[in-house]
Amino acid sequence: MDLAEALAKLSIGESEDNHFDAITALLKVLDEDTEVYSSKLDELGILDKVHDLLEKQQERRLQVKLANLVAELAKNENLRGPCVKQGFVPPLNNYLKENDVDVLHQTCRALGNLCCDYDPAREAINESGGVQSLVNILKTRCLSGDNDPANERFRAVACAYLTNLTFGNEVLQSKAINEGLVDTLVQLLKEYSMDIVLCGKIVICVGNLADAEANKAAFIGTGMGELLVNALQMVAEEDEQEALLEVIASLAENDEMKQEFTQANLVASLLEILQGYKDLHGAKACATDDEVQVEKLATDIIVLLVTEDVSMTILFDDGKGLLYQHVMSSWLPSTIDVYQISGALVLGNFARNDGNCLKLLDLGILDPLFKMLEKVEGHEMDVRLQHAVLSALRNLSVPKLNKGRMLDAGTIEVILPLLETDRNPVQFKLLGTSRLLIDGSAAAAIKMGSNADLVERVADLCSCEVHAGVSGEANRLLAALVKNSASMKVMQTVIDQGGMIHLVKMAMSEHTLMQNEALIALTLIASSNLGMAVPAIHSSDLIGVCKTILTNEGSAAEIQCNVLSLISFLTESDSLQEEIKEKELDDVVKGLCDNSNEVIKGKALSVSQHFR
């Protein structure tokens with residue numbers, strides 16, 4: 001039977017037997033070359049004939065054939081639009097009300113192919129109630145089906161249709177979730193846990209839904225976390241593991257799901273998988289791309305879980321947790337970057353409260369971290385590793401009780417050589433760690449602040465334009481050196497190395513905290529030995545900055561008071577008195593003598609007495 005003859009037999013006036021034979025012949029032709037023959041059939045007007053047949057009540061065997069034919073035609077992406085415009089979707093959606101598994105199977109294939117990467121088809125399906133119909137089928141027919149091969153194939157195809165329908169479409173995802181889709185998927189995973197093909201399709205569906213941040217909460221408390229962990233224990237191929245891990249990683253962005261995964265012993269499963277890959281590293285020269293990707297996903301998930309407080313507490317367990325033990329014994333000593341970096345990140349996340357920080361020092365965490373910062377001859381250290389280790393050290397340096405212990409252990413001496421790097425993320429963490437360590441330690445601040453080369457480097461970084469965090473931390477470290485040392489030598493070094501201009505600019509920061517830190521440092525310099533600072537004060541326009549702050553209506557009262565205190569010390573210099581008058585700062589201060597804020601008023605009255 002040629003194409004023209006087959007198409008003729010699709011006319012409404014022909015018998016159902018003729019329709020059946022014609023569609024069978026067309027399917028055979030399409031099987032030879034779908035792309036070529038589907039286009040040819042479109043030119044010959046097949047879509048009109050198929051639409052007419054879809055609209056007419058047909059017997060079961062013809063419904064199967066018609067849906068099958070649409071499924072094959074829709075494999076040609078150029079025909080999806082014409083099929084939708086021709087009105088194929090509503091009658092096909094009506095087929096989903098049938099009880100016959102073969103009809104349902106082919107209809108899901110047809111609709112799934114039509115909406116593959118094609119939003120107009122998705123919209124047409126939605127408008128004809130297709131989302132509710134599909135979820136209802138999953139709830140009723142899929143869950144109540146037996147293990148007959150036909151039912152197995154149908155369940156897999158229905159889930160594939162669901163994936164195509166909801167992919168990247170948050171409106172349809174939300175509608176499906178509101179129809180009870182998540183609980184249905186959970187039940188399917190439970191009931192057919194041994195059907196690897198079906199479970200794979202369901203996992204892809206879950207990944208679809210979990211991409212949208214708003215949808216992640218729908219999985220909380222459903223048991224999906226435990227089911228995915230169980231599924232992970234059943235698969236061994238890299239591609240299957242990778243697909244599962246991508247879904248788990250997406251869901252684990254939600255804090256409550258982090259807890260569920262942790263309580264479902266996900267970490268133990270991941271460590272077991274990773275150990276297998278580590279053993280493979282020892283048996284061959286290098287890992288495949290798939291193996292590397294699985295390792296990256298698994299370690300990233302573990303790090304992600306530890307960012308949530310409840311999970312972090314469970315996994316650390318006061319130093320007795322499986323993850324902590326594994327990191328210390330296996331990851332940190334590893335020569336593989338992904339394990340070292342992940343290990344340092346895990347430790348940094350463990351060090352997010354004072355109790356853990358103190359315990360980690362008791363457990364001897366510093367030496368392994370220091371060792372990872374040692375540069376191996378001829379090997380450029382991974383910037384991610386430097387950043388991860390410095391992040392951990394920064395968190396460990398926050399508690400007051402840790403600062404002295406870390407200083408005594410030589411932390412400053414270990415990390416400061418890294419300041420020469422041009423890697424901004426490393427500079428940022430290093431500067432912040434140094435600032436925290438010298439907080440309250442005059443000896444450390446004096447030692448660091450007396451090093452002219454070091455102070456010069458910090459002053460240079462104050463002008464970093466490509467990384468605001470680096471410039472901010474560098475400025476704060478300069479101010480901290482002055483404040484914590486209270487040393488004339490340190491102040492002189494800061495001035496000599498060009499630090500004064502940066503402290504003055506910092507006083508204009510939009511952040512009140514940084515303004516205060518700068519003003520405190522400037523006031524200490526002005527009150528300790530004004531003479532050495534006068535030239536730098538003139539050149540940095542500190543007087544003009546003081547005037548700007550005091551005349552800015554948005555300046556906080558605390559900031560204005562600190563500026564007034566600074567000015568009182570500046571007036572001790574004759575040349576600064578002249579500049580104060582030239583720039584009319586004295587008039588600004590006198591104007592504040594009538595301020596409604598009593599503290600500002602009192603400060604202004606006191607300072608005005610110093611003007612000559």
# chains A, B, ... in the order shown; residues from 1 in each chain; ligands from 1
>>> select_by_dssp(residues="range 181-361 of chain A", states="helix (DSSP H, G or I)", output="MDAnalysis selection string")
chainID A and resid 181:191 196:210 213:219 224:234 238:251 255:263 266:283 289:305 309:319 322:331 337:350 354:361
>>> residues_around(residues="range 323-334 of chain A", least_positions_apart="5", cutoff="10 Å", atoms="only C-alpha atoms", output="ChimeraX atom specification")
/A:267-268,271,275,278,302,306,312,314-318,339-344,346-347,350,365,368-369,371-372
>>> residues_around(residues="Val414 in chain A", least_positions_apart="6", cutoff="10 Å", atoms="only C-alpha atoms", output="VMD selection string")
chain A and resid 370 to 371 373 to 374
>>> write_last_selection(atoms="C-alpha atoms", output="mmCIF file, in the first residue's frame")
data_model
loop_
_atom_site.group_PDB
_atom_site.id
_atom_site.type_symbol
_atom_site.label_atom_id
_atom_site.label_comp_id
_atom_site.auth_asym_id
_atom_site.auth_seq_id
_atom_site.Cartn_x
_atom_site.Cartn_y
_atom_site.Cartn_z
ATOM 1 C CA PHE A 370 48.487 24.427 58.087
ATOM 2 C CA LYS A 371 49.939 21.475 56.209
ATOM 3 C CA LEU A 373 48.783 25.555 52.924
ATOM 4 C CA GLU A 374 52.359 24.394 52.411
#
>>> residues_around(residues="Met500 in chain A", least_positions_apart="2", cutoff="10 Å", atoms="only C-alpha atoms", output="PyMOL selection string")
chain A and resi 459+478-479+491-492+494-498+502-506+518+521-522+525+533+536-537+539-540+542
>>> residues_around(residues="range 44-52 of chain A", least_positions_apart="5", cutoff="7 Å", atoms="only C-alpha atoms", output="ChimeraX atom specification")
/A:7,10-11,83,86-88
>>> write_last_selection(atoms="C-alpha atoms", output="PDB file, in the first residue's frame")
ATOM      1  CA  LEU A   7      -4.137   8.346   3.039  1.00  0.00           C
ATOM      2  CA  LEU A  10      -8.156   7.414   6.203  1.00  0.00           C
ATOM      3  CA  SER A  11     -11.204   9.257   4.898  1.00  0.00           C
ATOM      4  CA  CYS A  83      -0.501  19.164  15.156  1.00  0.00           C
ATOM      5  CA  GLN A  86      -4.936  21.329  14.022  1.00  0.00           C
ATOM      6  CA  GLY A  87      -6.509  20.617  17.409  1.00  0.00           C
ATOM      7  CA  PHE A  88      -5.008  17.206  18.237  1.00  0.00           C
TER       8      PHE A  88
END
>>> residues_around(residues="Ala604 in chain A", least_positions_apart="6", cutoff="8 Å", atoms="only C-alpha atoms", output="list in words")
Leu564, Val589, Lys590, Leu592 and Cys593 of chain A
>>> write_last_selection(atoms="N, CA and C atoms", output="compact mmCIF listing (two decimals), in the first residue's frame")
# COMPACT_ATOMS: atom_id res chain seq x y z
N LEU A 564 33.48 64.71 66.18
CA LEU A 564 33.74 65.86 67.06
C LEU A 564 34.88 65.57 68.03
N VAL A 589 30.89 73.27 63.39
CA VAL A 589 30.88 72.78 64.78
C VAL A 589 30.06 73.73 65.65
N LYS A 590 30.24 75.02 65.46
CA LYS A 590 29.49 76.00 66.27
C LYS A 590 27.99 75.88 65.99
N LEU A 592 26.45 73.21 65.47
CA LEU A 592 25.95 72.02 66.18
C LEU A 592 25.76 72.29 67.67
N CYS A 593 26.20 73.43 68.14
CA CYS A 593 26.04 73.76 69.56
C CYS A 593 24.57 73.96 69.92
>>> residues_around(residues="Leu361 in chain A", least_positions_apart="5", cutoff="10 Å", atoms="only C-alpha atoms", output="list in words")
Ala351, Asn356, Leu366, Asp367, Leu396, Asn402, Arg405 and Met406 of chain A
>>> closest_residue(among="A:Leu188, A:Val455, A:Leu162, A:Ala236", to="Val482 in chain A", atoms="only C-alpha atoms")
A:Val455
>>> atom_distance(atom1="CA of Ile202 in chain A", atom2="CA of Leu185 in chain A")
6.7 Å
>>> closest_residue(among="A:Leu209, A:Cys357, A:Leu138, A:Ala445", to="Leu481 in chain A", atoms="only C-alpha atoms")
A:Ala445
>>> atom_distance(atom1="CA of Leu232 in chain A", atom2="CA of Thr184 in chain A")
19.9 Å
>>> closest_atom_pairs(of="range 537-602 of chain A", to="range 507-515 of chain A", cutoff="10 Å", atoms="only C-alpha atoms", output="CSV")
residue,atom,partner,partner_atom,distance
A:Leu542,CA,A:Ala507,CA,9.1
A:Val545,CA,A:Met508,CA,7.2
A:Cys546,CA,A:Ala507,CA,8.6
A:Thr548,CA,A:Met508,CA,8.6
A:Ile549,CA,A:Met508,CA,7.3
A:Ser555,CA,A:Thr512,CA,8.8
A:Ala556,CA,A:Thr512,CA,7.8
A:Glu558,CA,A:Thr512,CA,9.0
A:Ile559,CA,A:Gln515,CA,7.3
A:Asn562,CA,A:Gln515,CA,9.6
A:Val563,CA,A:Ala507,CA,9.3
>>> closest_residue(among="A:Leu227, A:Ile438, A:Asn93, A:Leu104", to="Glu191 in chain A", atoms="only C-alpha atoms")
A:Leu227
